[in-house]
file data39.cif (mmCIF, C-alpha atoms)
data_coords
#
loop_
_atom_site.label_atom_id
_atom_site.label_comp_id
_atom_site.auth_asym_id
_atom_site.auth_seq_id
_atom_site.Cartn_x
_atom_site.Cartn_y
_atom_site.Cartn_z
CA MET J 1 137.70 -214.89 120.65
CA SER J 2 140.98 -213.43 121.73
CA THR J 3 141.48 -211.15 124.65
CA ASN J 4 144.00 -208.39 124.42
CA ALA J 5 147.17 -208.84 126.32
CA PRO J 6 148.47 -206.01 128.46
CA GLY J 7 151.41 -204.03 127.24
CA GLY J 8 149.97 -202.59 124.09
CA ALA J 9 149.77 -205.71 121.98
CA TYR J 10 147.05 -207.90 120.54
CA ALA J 11 147.13 -211.43 121.88
CA PRO J 12 148.27 -213.86 119.20
CA THR J 13 145.81 -216.61 118.35
CA GLU J 14 146.18 -219.81 116.39
CA ARG J 15 145.12 -218.07 113.21
CA THR J 16 147.18 -214.92 113.65
CA VAL J 17 150.44 -216.84 114.08
CA PRO J 18 151.64 -217.63 110.56
CA THR J 19 153.04 -221.04 109.77
CA ARG J 20 155.79 -219.32 107.78
CA GLY J 21 157.51 -215.98 108.15
CA ARG J 22 156.88 -215.71 111.88
CA LYS J 23 159.71 -213.26 112.32
CA ARG J 24 157.73 -210.76 110.24
CA ALA J 25 154.56 -211.10 112.30
CA ALA J 26 153.83 -208.44 114.90
CA TYR J 27 151.05 -207.73 117.34
CA ASP J 28 152.00 -204.29 118.59
CA ARG J 29 148.96 -202.09 118.87
CA ASP J 30 150.66 -198.86 117.79
CA LEU J 31 152.14 -200.55 114.74
CA VAL J 32 148.77 -202.01 113.76
CA HIS J 33 147.11 -198.63 114.18
CA ALA J 34 149.79 -196.88 112.14
CA ILE J 35 149.42 -199.33 109.25
CA LEU J 36 145.65 -199.03 109.31
CA ASP J 37 145.80 -195.24 109.54
CA ASP J 38 148.07 -195.03 106.51
CA GLY J 39 145.38 -196.41 104.20
CA CYS J 40 141.74 -196.04 103.28
CA LEU J 41 141.17 -199.12 101.12
CA CYS J 42 140.92 -202.62 102.52
CA HIS J 43 140.11 -206.03 101.12
CA LEU J 44 137.17 -207.58 102.94
CA GLY J 45 136.78 -211.33 102.82
CA PHE J 46 133.70 -213.30 103.74
CA VAL J 47 132.19 -216.66 102.92
CA ARG J 48 129.20 -216.89 100.61
CA ASP J 49 127.63 -220.24 99.77
CA GLY J 50 130.73 -221.88 101.18
CA ALA J 51 133.13 -220.04 98.89
CA PRO J 52 135.43 -217.12 99.67
CA VAL J 53 134.66 -213.62 98.40
CA VAL J 54 137.16 -210.76 98.57
CA LEU J 55 135.96 -207.25 97.78
CA PRO J 56 137.80 -203.93 97.95
CA THR J 57 136.11 -201.33 100.10
CA LEU J 58 136.84 -198.17 102.04
CA TYR J 59 137.25 -198.34 105.79
CA ALA J 60 137.99 -196.22 108.82
CA ARG J 61 139.53 -196.91 112.20
CA VAL J 62 137.98 -195.32 115.28
CA GLY J 63 139.90 -196.47 118.32
CA GLU J 64 139.71 -200.24 118.48
CA ARG J 65 136.95 -200.52 115.91
CA LEU J 66 136.95 -200.58 112.14
CA TYR J 67 134.03 -199.48 110.03
CA VAL J 68 133.11 -200.26 106.47
CA HIS J 69 130.05 -199.02 104.69
CA GLY J 70 128.02 -199.78 101.65
CA SER J 71 124.62 -199.80 100.16
CA THR J 72 121.99 -201.50 102.25
CA GLY J 73 121.56 -203.81 99.26
CA SER J 74 125.16 -205.02 99.04
CA ARG J 75 125.76 -208.68 99.76
CA PRO J 76 128.10 -208.53 102.76
CA LEU J 77 126.06 -205.83 104.43
CA ARG J 78 122.84 -207.74 103.90
CA ALA J 79 124.52 -210.84 105.26
CA ALA J 80 125.81 -208.98 108.31
CA GLY J 81 122.40 -207.52 108.94
CA SER J 82 120.41 -210.69 108.48
CA SER J 83 121.75 -212.39 111.56
CA GLU J 84 122.23 -211.52 115.18
CA ALA J 85 125.41 -213.54 114.92
CA GLY J 86 126.93 -211.14 112.40
CA LEU J 87 129.20 -211.97 109.49
CA PRO J 88 132.58 -213.67 109.94
CA VAL J 89 135.08 -211.61 107.99
CA CYS J 90 138.76 -211.16 107.39
CA LEU J 91 139.75 -207.57 106.70
CA THR J 92 143.19 -206.97 105.25
CA VAL J 93 145.07 -203.74 104.58
CA THR J 94 148.35 -203.81 102.66
CA HIS J 95 150.86 -201.15 101.72
CA LEU J 96 153.47 -201.98 99.11
CA ASP J 97 156.61 -200.09 100.11
CA ALA J 98 159.31 -201.34 97.77
CA LEU J 99 160.28 -203.88 95.17
CA VAL J 100 163.22 -205.93 96.40
CA LEU J 101 165.53 -207.19 93.67
CA ALA J 102 168.01 -209.87 94.56
CA ARG J 103 170.68 -211.33 92.32
CA SER J 104 168.74 -214.60 92.34
CA ALA J 105 165.15 -214.84 91.11
CA PHE J 106 164.35 -216.84 94.24
CA HIS J 107 165.20 -214.03 96.66
CA HIS J 108 163.13 -211.39 94.95
CA SER J 109 160.61 -209.97 97.34
CA VAL J 110 158.70 -206.85 98.25
CA ASN J 111 158.78 -204.63 101.28
CA TYR J 112 155.31 -204.18 102.65
CA ARG J 113 153.23 -203.50 105.72
CA SER J 114 150.00 -205.39 106.18
CA VAL J 115 147.36 -205.90 108.83
CA VAL J 116 144.97 -208.84 108.92
CA VAL J 117 141.91 -208.62 111.15
CA HIS J 118 139.81 -211.69 111.86
CA GLY J 119 136.44 -211.34 113.48
CA THR J 120 132.73 -210.97 113.15
CA ALA J 121 131.29 -207.85 111.61
CA HIS J 122 128.02 -206.50 112.89
CA ARG J 123 125.64 -204.01 111.36
CA VAL J 124 125.64 -200.70 113.21
CA GLU J 125 122.06 -199.75 114.00
CA ASP J 126 122.67 -196.80 116.31
CA PRO J 127 122.24 -193.64 114.20
CA ALA J 128 124.81 -191.68 116.20
CA GLU J 129 127.46 -194.36 115.72
CA ARG J 130 126.56 -194.64 112.03
CA ALA J 131 127.11 -190.92 111.59
CA ILE J 132 130.48 -191.11 113.36
CA ALA J 133 131.48 -194.05 111.17
CA LEU J 134 130.53 -192.34 107.93
CA ASP J 135 132.43 -189.18 108.86
CA ALA J 136 135.40 -191.33 109.81
CA ILE J 137 135.38 -193.12 106.45
CA VAL J 138 135.49 -189.75 104.65
CA ASP J 139 138.26 -188.51 106.96
CA GLN J 140 140.27 -191.72 106.62
CA ALA J 141 140.78 -190.93 102.93
CA VAL J 142 141.05 -187.16 103.32
CA PRO J 143 141.78 -186.06 106.88
CA GLY J 144 139.67 -183.07 107.77
CA ARG J 145 137.24 -183.44 104.92
CA SER J 146 134.06 -184.48 106.73
CA ALA J 147 133.87 -181.09 108.45
CA ASP J 148 133.97 -179.45 105.01
CA SER J 149 131.04 -181.21 103.35
CA ARG J 150 127.30 -181.40 103.71
CA PRO J 151 126.43 -184.03 106.32
CA ALA J 152 124.25 -186.94 105.27
CA ASP J 153 120.53 -186.30 105.53
CA ALA J 154 117.98 -188.80 106.80
CA ARG J 155 117.38 -190.35 103.38
CA GLU J 156 121.09 -190.80 102.72
CA LEU J 157 121.70 -192.26 106.17
CA ALA J 158 118.86 -194.72 105.62
CA ALA J 159 120.39 -195.86 102.34
CA THR J 160 123.80 -196.51 103.87
CA ALA J 161 124.65 -199.59 105.88
CA VAL J 162 127.63 -199.62 108.21
CA MET J 163 129.45 -202.64 109.57
CA ALA J 164 131.71 -202.59 112.61
CA LEU J 165 134.60 -204.96 113.25
CA ASP J 166 136.46 -204.81 116.53
CA LEU J 167 140.24 -205.03 116.64
CA GLU J 168 140.68 -208.13 118.76
CA GLU J 169 142.23 -210.86 116.66
CA VAL J 170 144.80 -208.86 114.73
CA SER J 171 148.26 -209.27 113.33
CA ALA J 172 150.62 -207.14 111.31
CA LYS J 173 153.31 -208.25 108.95
CA VAL J 174 156.17 -206.04 107.90
CA ARG J 175 159.13 -206.56 105.62
CA THR J 176 161.79 -203.89 105.37
CA GLY J 177 165.35 -203.72 104.17
CA GLY J 178 167.28 -204.95 101.21
CA PRO J 179 167.58 -208.27 99.42
CA ASN J 180 168.96 -211.33 101.17
CA ASP J 181 171.29 -212.68 98.55
CA GLU J 182 173.13 -215.94 98.99
CA PRO J 183 176.83 -215.37 99.68
CA GLU J 184 177.79 -217.27 96.56
CA ASP J 185 175.62 -214.96 94.44
CA LEU J 186 177.33 -211.73 95.47
CA SER J 187 179.77 -211.86 92.59
CA LEU J 188 177.04 -212.19 89.97
CA PRO J 189 176.68 -209.19 87.65
CA HIS J 190 172.99 -208.58 88.37
CA TRP J 191 171.92 -205.31 89.98
CA SER J 192 170.64 -205.82 93.50
CA GLY J 193 168.72 -203.44 95.69
CA VAL J 194 165.31 -201.94 96.28
CA VAL J 195 162.98 -199.69 94.32
CA PRO J 196 160.82 -197.64 96.70
CA VAL J 197 157.10 -197.59 95.95
CA ARG J 198 154.68 -195.11 97.40
CA ARG J 199 151.20 -193.73 96.94
CA ALA J 200 151.43 -190.36 95.22
CA TYR J 201 148.70 -187.75 95.00
CA GLY J 202 148.32 -185.55 91.97
CA ALA J 203 147.14 -181.98 91.91
CA PRO J 204 143.44 -181.72 92.81
CA VAL J 205 141.18 -181.40 89.77
CA PRO J 206 138.05 -179.30 90.38
CA ALA J 207 134.69 -180.67 89.24
CA GLU J 208 133.35 -179.18 86.05
CA ASP J 209 130.55 -177.51 87.98
CA MET J 210 132.93 -175.73 90.34
CA ALA J 211 133.22 -171.98 90.00
CA PRO J 212 136.48 -171.06 88.22
CA GLY J 213 139.27 -170.05 90.52
CA ALA J 214 137.88 -171.65 93.66
CA ALA J 215 140.66 -172.14 96.18
CA VAL J 216 141.85 -175.68 96.91
CA PRO J 217 141.32 -176.40 100.61
CA GLY J 218 144.42 -176.66 102.74
CA TYR J 219 143.80 -180.28 103.67
CA LEU J 220 144.00 -181.20 99.98
CA ALA J 221 147.13 -179.21 99.37
CA ALA J 222 148.64 -181.09 102.32
CA LEU J 223 147.69 -184.44 100.78
CA ALA J 224 149.30 -183.62 97.48
CA THR J 225 152.68 -183.05 99.06
CA LEU J 226 152.71 -186.26 101.07
CA MET Z 1 131.96 -223.43 86.19
CA SER Z 2 131.51 -220.70 83.66
CA THR Z 3 132.35 -220.97 80.04
CA ASN Z 4 133.76 -218.02 78.25
CA ALA Z 5 131.45 -216.22 75.90
CA PRO Z 6 132.67 -215.38 72.42
CA GLY Z 7 133.50 -211.79 71.66
CA GLY Z 8 136.32 -211.27 74.09
CA ALA Z 9 134.39 -211.29 77.33
CA TYR Z 10 134.09 -213.52 80.36
CA ALA Z 11 130.61 -214.96 80.79
CA PRO Z 12 128.90 -213.38 83.80
CA THR Z 13 127.82 -215.79 86.50
CA GLU Z 14 125.55 -215.42 89.45
CA ARG Z 15 128.44 -214.45 91.66
CA THR Z 16 130.16 -212.09 89.24
CA VAL Z 17 127.03 -209.97 88.74
CA PRO Z 18 126.93 -207.57 91.68
CA THR Z 19 123.68 -206.86 93.44
CA ARG Z 20 124.63 -203.18 93.49
CA GLY Z 21 126.63 -201.01 91.11
CA ARG Z 22 125.97 -203.20 88.08
CA LYS Z 23 126.76 -200.37 85.73
CA ARG Z 24 130.35 -200.47 86.96
CA ALA Z 25 130.75 -204.20 86.36
CA ALA Z 26 132.55 -205.31 83.21
CA TYR Z 27 133.58 -208.62 81.72
CA ASP Z 28 135.72 -207.48 78.83
CA ARG Z 29 138.78 -209.65 78.53
CA ASP Z 30 141.16 -206.89 77.47
CA LEU Z 31 140.03 -204.68 80.33
CA VAL Z 32 140.49 -207.49 82.85
CA HIS Z 33 143.95 -208.23 81.48
CA ALA Z 34 144.95 -204.57 81.58
CA ILE Z 35 143.90 -204.21 85.21
CA LEU Z 36 145.72 -207.39 86.19
CA ASP Z 37 148.82 -206.40 84.23
CA ASP Z 38 148.98 -203.04 85.99
CA GLY Z 39 149.63 -204.65 89.36
CA CYS Z 40 151.74 -207.26 91.07
CA LEU Z 41 150.03 -207.56 94.47
CA CYS Z 42 146.70 -209.29 94.94
CA HIS Z 43 144.56 -210.22 97.90
CA LEU Z 44 143.89 -213.94 97.99
CA GLY Z 45 140.88 -215.19 99.89
CA PHE Z 46 140.20 -218.74 100.96
CA VAL Z 47 138.22 -220.52 103.64
CA ARG Z 48 139.97 -222.09 106.60
CA ASP Z 49 138.01 -223.90 109.30
CA GLY Z 50 134.88 -222.29 107.90
CA ALA Z 51 136.18 -218.75 108.25
CA PRO Z 52 137.47 -216.39 105.57
CA VAL Z 53 141.17 -215.59 105.29
CA VAL Z 54 142.53 -212.79 103.08
CA LEU Z 55 146.28 -212.58 102.52
CA PRO Z 56 148.29 -210.23 100.32
CA THR Z 57 150.56 -211.99 97.87
CA LEU Z 58 152.35 -211.43 94.59
CA TYR Z 59 150.88 -212.81 91.41
CA ALA Z 60 151.45 -213.01 87.68
CA ARG Z 61 149.18 -213.39 84.69
CA VAL Z 62 150.25 -215.69 81.88
CA GLY Z 63 147.52 -215.72 79.26
CA GLU Z 64 144.32 -216.91 80.88
CA ARG Z 65 146.03 -218.21 83.99
CA LEU Z 66 147.13 -216.50 87.20
CA TYR Z 67 149.95 -217.78 89.36
CA VAL Z 68 150.75 -217.15 92.99
CA HIS Z 69 153.63 -218.66 94.87
CA GLY Z 70 154.77 -219.23 98.37
CA SER Z 71 156.63 -221.47 100.67
CA THR Z 72 155.62 -225.09 100.47
CA GLY Z 73 154.74 -224.72 104.16
CA SER Z 74 152.29 -221.85 103.79
CA ARG Z 75 148.70 -222.57 104.67
CA PRO Z 76 146.93 -221.90 101.37
CA LEU Z 77 149.58 -223.70 99.38
CA ARG Z 78 149.43 -226.70 101.65
CA ALA Z 79 145.64 -226.66 101.39
CA ALA Z 80 145.77 -226.45 97.61
CA GLY Z 81 148.24 -229.28 97.47
CA SER Z 82 146.50 -231.58 99.88
CA SER Z 83 143.55 -232.26 97.66
CA GLU Z 84 142.97 -233.25 94.08
CA ALA Z 85 140.00 -230.94 94.26
CA GLY Z 86 142.22 -227.89 94.82
CA LEU Z 87 141.45 -224.85 96.94
CA PRO Z 88 138.44 -222.59 96.29
CA VAL Z 89 139.76 -219.04 96.22
CA CYS Z 90 138.80 -215.50 95.39
CA LEU Z 91 141.68 -213.44 94.04
CA THR Z 92 141.20 -209.68 93.93
CA VAL Z 93 143.38 -206.95 92.44
CA THR Z 94 142.53 -203.30 93.08
CA HIS Z 95 144.06 -200.05 91.88
CA LEU Z 96 143.06 -196.84 93.65
CA ASP Z 97 143.06 -194.12 90.98
CA ALA Z 98 141.58 -191.07 92.67
CA LEU Z 99 139.81 -189.73 95.71
CA VAL Z 100 136.45 -188.29 94.69
CA LEU Z 101 135.25 -185.41 96.83
CA ALA Z 102 131.65 -184.35 96.53
CA ARG Z 103 129.99 -181.44 98.25
CA SER Z 104 127.99 -183.94 100.30
CA ALA Z 105 129.66 -186.51 102.53
CA PHE Z 106 127.32 -189.12 101.06
CA HIS Z 107 128.61 -188.76 97.51
CA HIS Z 108 132.27 -189.10 98.40
CA SER Z 109 133.80 -191.98 96.53
CA VAL Z 110 137.00 -193.23 94.94
CA ASN Z 111 137.93 -193.97 91.38
CA TYR Z 112 139.33 -197.44 91.10
CA ARG Z 113 139.84 -200.43 88.87
CA SER Z 114 139.42 -203.89 90.34
CA VAL Z 115 139.27 -207.47 89.15
CA VAL Z 116 137.72 -210.29 91.14
CA VAL Z 117 138.50 -213.86 90.11
CA HIS Z 118 136.54 -216.76 91.55
CA GLY Z 119 137.73 -220.29 91.07
CA THR Z 120 139.70 -223.23 92.32
CA ALA Z 121 143.44 -222.96 92.66
CA HIS Z 122 145.56 -226.00 91.96
CA ARG Z 123 149.18 -226.71 92.84
CA VAL Z 124 151.41 -226.70 89.81
CA GLU Z 125 153.48 -229.86 89.81
CA ASP Z 126 155.04 -229.64 86.35
CA PRO Z 127 158.58 -228.25 86.83
CA ALA Z 128 158.55 -226.45 83.47
CA GLU Z 129 155.31 -224.65 84.28
CA ARG Z 130 156.57 -223.84 87.76
CA ALA Z 131 159.67 -222.22 86.29
CA ILE Z 132 157.54 -220.17 83.87
CA ALA Z 133 155.29 -219.09 86.72
CA LEU Z 134 158.15 -218.01 88.96
CA ASP Z 135 159.77 -215.98 86.18
CA ALA Z 136 156.39 -214.43 85.43
CA ILE Z 137 155.92 -213.39 89.06
CA VAL Z 138 159.31 -211.63 89.02
CA ASP Z 139 158.51 -209.97 85.69
CA GLN Z 140 155.03 -208.93 86.80
CA ALA Z 141 156.62 -206.62 89.38
CA VAL Z 142 159.62 -205.61 87.27
CA PRO Z 143 159.16 -206.30 83.57
CA GLY Z 144 162.32 -207.75 82.10
CA ARG Z 145 163.90 -208.64 85.42
CA SER Z 146 163.77 -212.44 85.35
CA ALA Z 147 166.22 -212.52 82.43
CA ASP Z 148 168.64 -210.47 84.54
CA SER Z 149 168.85 -212.66 87.62
CA ARG Z 150 170.14 -216.09 88.54
CA PRO Z 151 167.44 -218.67 87.82
CA ALA Z 152 166.20 -220.80 90.67
CA ASP Z 153 168.22 -223.93 91.31
CA ALA Z 154 166.74 -227.32 92.14
CA ARG Z 155 166.73 -226.70 95.88
CA GLU Z 156 165.01 -223.34 95.52
CA LEU Z 157 162.44 -224.73 93.11
CA ALA Z 158 161.69 -227.55 95.53
CA ALA Z 159 161.09 -225.06 98.33
CA THR Z 160 158.64 -223.00 96.32
CA ALA Z 161 155.05 -223.97 95.76
CA VAL Z 162 153.06 -222.47 92.91
CA MET Z 163 149.30 -222.30 92.58
CA ALA Z 164 147.46 -221.71 89.33
CA LEU Z 165 144.03 -220.14 88.96
CA ASP Z 166 142.38 -219.99 85.57
CA LEU Z 167 140.59 -216.85 84.43
CA GLU Z 168 137.10 -218.21 83.91
CA GLU Z 169 134.76 -216.64 86.43
CA VAL Z 170 135.99 -213.07 86.34
CA SER Z 171 134.62 -209.58 86.62
CA ALA Z 172 136.09 -206.11 86.62
CA LYS Z 173 134.71 -203.03 88.28
CA VAL Z 174 135.75 -199.54 87.29
CA ARG Z 175 134.77 -196.11 88.52
CA THR Z 176 136.03 -193.05 86.70
CA GLY Z 177 135.07 -189.40 86.54
CA GLY Z 178 134.12 -186.73 88.98
CA PRO Z 179 131.72 -186.51 91.88
CA ASN Z 180 127.98 -186.90 91.36
CA ASP Z 181 126.67 -184.06 93.44
CA GLU Z 182 122.98 -183.51 93.98
CA PRO Z 183 121.70 -180.50 92.00
CA GLU Z 184 120.62 -178.77 95.18
CA ASP Z 185 124.17 -179.08 96.58
CA LEU Z 186 125.89 -177.25 93.73
CA SER Z 187 125.65 -173.90 95.46
CA LEU Z 188 127.31 -175.13 98.63
CA PRO Z 189 130.74 -173.64 99.34
CA HIS Z 190 132.59 -176.98 99.61
CA TRP Z 191 135.34 -177.79 97.11
CA SER Z 192 134.35 -180.60 94.78
CA GLY Z 193 136.51 -182.63 92.45
CA VAL Z 194 139.03 -185.44 92.35
CA VAL Z 195 142.53 -185.98 93.70
CA PRO Z 196 144.46 -188.37 91.45
CA VAL Z 197 146.28 -191.20 93.19
CA ARG Z 198 148.94 -193.31 91.60
CA ARG Z 199 151.73 -195.72 92.43
CA ALA Z 200 155.05 -193.90 92.28
CA TYR Z 201 158.48 -195.45 92.12
CA GLY Z 202 161.46 -193.84 93.78
CA ALA Z 203 165.02 -193.93 92.58
CA PRO Z 204 166.51 -197.43 92.85
CA VAL Z 205 168.66 -197.91 95.96
CA PRO Z 206 171.58 -200.33 95.46
CA ALA Z 207 172.15 -203.04 98.05
CA GLU Z 208 174.97 -202.36 100.49
CA ASP Z 209 176.95 -205.21 98.98
CA MET Z 210 176.76 -203.78 95.46
CA ALA Z 211 179.94 -202.42 93.92
CA PRO Z 212 179.91 -198.61 94.02
CA GLY Z 213 178.89 -196.99 90.77
CA ALA Z 214 177.14 -200.01 89.28
CA ALA Z 215 174.79 -198.88 86.55
CA VAL Z 216 171.06 -199.10 87.18
CA PRO Z 217 169.53 -201.41 84.57
CA GLY Z 218 167.35 -199.80 81.95
CA TYR Z 219 164.24 -201.66 83.01
CA LEU Z 220 164.50 -200.06 86.45
CA ALA Z 221 165.07 -196.60 85.10
CA ALA Z 222 161.93 -197.12 83.01
CA LEU Z 223 159.95 -198.08 86.12
CA ALA Z 224 161.03 -195.01 88.02
CA THR Z 225 159.63 -192.66 85.42
CA LEU Z 226 156.23 -194.31 85.18
#

call {"tool": "encode", "arguments": {"input": "data39.cif", "output": "structure tokens"}}
result
Amino acid sequence: MSTNAPGGAYAPTERTVPTRGRKRAAYDRDLVHAILDDGCLCHLGFVRDGAPVVLPTLYARVGERLYVHGSTGSRPLRAAGSSEAGLPVCLTVTHLDALVLARSAFHHSVNYRSVVVHGTAHRVEDPAERAIALDAIVDQAVPGRSADSRPADARELAATAVMALDLEEVSAKVRTGGPNDEPEDLSLPHWSGVVPVRRAYGAPVPAEDMAPGAAVPGYLAALATL
Amino acid sequence: MSTNAPGGAYAPTERTVPTRGRKRAAYDRDLVHAILDDGCLCHLGFVRDGAPVVLPTLYARVGERLYVHGSTGSRPLRAAGSSEAGLPVCLTVTHLDALVLARSAFHHSVNYRSVVVHGTAHRVEDPAERAIALDAIVDQAVPGRSADSRPADARELAATAVMALDLEEVSAKVRTGGPNDEPEDLSLPHWSGVVPVRRAYGAPVPAEDMAPGAAVPGYLAALATL
């Protein structure tokens, strides 16, 4: 278990220091938070019968804790709940920011921001914390939305399992900038540069059972122009 | 090890049949290929010292085989190369297609398409297959690009490790459509519907060392209008 260093950074550990690409690794707390806060979908890895499993799932960050949720019947949540020891996981969030085209095939790359969190996930049993987590997961995808929806009732809360994972053993990796062509390749005729990639939101589409002409909430209009 | 069923589908196995959400699981080969072909970034899971590790990496599909690449010094590639038995992995590709807003917090969801591949990755030693794989990884991100770049030379090829993972134990999961509100929630005042999400490409940005006015290749212009 790592302890957090002073100065706003996560303490590197043996498994958060990459063997390659160390110059791209970062442990700054604000950077990690910003990368996490820019997404809502993570890839959660765990070990089942000795083999790795990676599943996409929604998440939320609340301070130094991440939450994921799922049906009480889902495999990772059952596994996390079946043991006091919790479930060892690796939770990864990645944003693809650009395609990087070099003159050589070898130097092609992508610009990205990623966070990898190692740790042990535990089932959240406290109803108050579960409610906070579920609201946070809704708000992580659509900031402001949880306040504009019907809160979960007792039956719904009972059907939903929540896992918590503390931000302790954490690293970020970031690549920015253009291609790193070899000097001898600069005279080649191939186009070189970057193609930005971003997540774009389309215009909100009302459900078929919505009354015609219902106004789109401001928090959705704000999303669409991001 | 699964065998592939006739009729264009992957044979379900114990670990590709979810305990929850079975109606969203699919094994259709064309669907799996389409989801894989719509991306270039996967999350690769493996087990290291008994704990799960999930790393983002580029990939390519060539027929019924996926390739990932990396430095010969990277951990998963060293692990895959250090054993005849290969490296057990789980490779997952996810596309977020929409945010789904229900009147109740509980029924919030996302539309997505994902593919999860279980199997054992092996280092590719054959130079001809390695070259095909590396071109495919470039073309997976930018179709047509590998033909318009300098091919890897012997030194670059030697520095690059490639892992192959066959598509045998594979499942897709897809959610589409609008929110599934409870009938008794339909009269609530909250907006309900979906917000489409897609990957958008910006205008290509030439490298600083490019000659001014160089034409943007057609395959990039095509990307930008996707």

call {"tool": "resolve_selection", "arguments": {"input": "data39.cif", "expression": "the PyMOL selection byres ((chain Z) within 6 of (chain J))", "output": "ChimeraX atom specification"}}
result
/Z:20,45-47,52-54,74,89-90,103-106,149-152,190,192-202,204-207

call {"tool": "write_last_selection", "arguments": {"input": "data39.cif", "atoms": "C-alpha atoms", "output": "mmCIF file, keeping the file's coordinate frame"}}
result
data_model
loop_
_atom_site.group_PDB
_atom_site.id
_atom_site.type_symbol
_atom_site.label_atom_id
_atom_site.label_comp_id
_atom_site.auth_asym_id
_atom_site.auth_seq_id
_atom_site.Cartn_x
_atom_site.Cartn_y
_atom_site.Cartn_z
ATOM 1 C CA ARG Z 20 124.630 -203.180 93.490
ATOM 2 C CA GLY Z 45 140.880 -215.190 99.890
ATOM 3 C CA PHE Z 46 140.200 -218.740 100.960
ATOM 4 C CA VAL Z 47 138.220 -220.520 103.640
ATOM 5 C CA PRO Z 52 137.470 -216.390 105.570
ATOM 6 C CA VAL Z 53 141.170 -215.590 105.290
ATOM 7 C CA VAL Z 54 142.530 -212.790 103.080
ATOM 8 C CA SER Z 74 152.290 -221.850 103.790
ATOM 9 C CA VAL Z 89 139.760 -219.040 96.220
ATOM 10 C CA CYS Z 90 138.800 -215.500 95.390
ATOM 11 C CA ARG Z 103 129.990 -181.440 98.250
ATOM 12 C CA SER Z 104 127.990 -183.940 100.300
ATOM 13 C CA ALA Z 105 129.660 -186.510 102.530
ATOM 14 C CA PHE Z 106 127.320 -189.120 101.060
ATOM 15 C CA SER Z 149 168.850 -212.660 87.620
ATOM 16 C CA ARG Z 150 170.140 -216.090 88.540
ATOM 17 C CA PRO Z 151 167.440 -218.670 87.820
ATOM 18 C CA ALA Z 152 166.200 -220.800 90.670
ATOM 19 C CA HIS Z 190 132.590 -176.980 99.610
ATOM 20 C CA SER Z 192 134.350 -180.600 94.780
ATOM 21 C CA GLY Z 193 136.510 -182.630 92.450
ATOM 22 C CA VAL Z 194 139.030 -185.440 92.350
ATOM 23 C CA VAL Z 195 142.530 -185.980 93.700
ATOM 24 C CA PRO Z 196 144.460 -188.370 91.450
ATOM 25 C CA VAL Z 197 146.280 -191.200 93.190
ATOM 26 C CA ARG Z 198 148.940 -193.310 91.600
ATOM 27 C CA ARG Z 199 151.730 -195.720 92.430
ATOM 28 C CA ALA Z 200 155.050 -193.900 92.280
ATOM 29 C CA TYR Z 201 158.480 -195.450 92.120
ATOM 30 C CA GLY Z 202 161.460 -193.840 93.780
ATOM 31 C CA PRO Z 204 166.510 -197.430 92.850
ATOM 32 C CA VAL Z 205 168.660 -197.910 95.960
ATOM 33 C CA PRO Z 206 171.580 -200.330 95.460
ATOM 34 C CA ALA Z 207 172.150 -203.040 98.050
#

call {"tool": "residues_around", "arguments": {"input": "data39.cif", "residues": "Leu167 in chain Z", "least_positions_apart": "6", "cutoff": "10 Å", "atoms": "all atoms listed in the file", "output": "JSON, numbers by chain"}}
result
{"Z": [2, 4, 10, 29, 32, 33, 61, 63, 64, 65, 66, 116, 117, 118, 119]}

call {"tool": "closest_residue", "arguments": {"input": "data39.cif", "among": "J:Ala133, J:Gly144, J:Glu184, J:Thr176", "to": "Met163 in chain J", "atoms": "only C-alpha atoms"}}
result
J:Ala133

call {"tool": "atom_distance", "arguments": {"input": "data39.cif", "atom1": "CA of Ser171 in chain Z", "atom2": "CA of Ala34 in chain Z"}}
result
12.5 Å

call {"tool": "closest_residue", "arguments": {"input": "data39.cif", "among": "J:Lys23, J:Gly39, J:Ala161, J:Asn111", "to": "Ala131 in chain J", "atoms": "only C-alpha atoms"}}
result
J:Ala161

call {"tool": "atom_distance", "arguments": {"input": "data39.cif", "atom1": "CA of Arg123 in chain J", "atom2": "CA of Ala80 in chain J"}}
result
5.8 Å
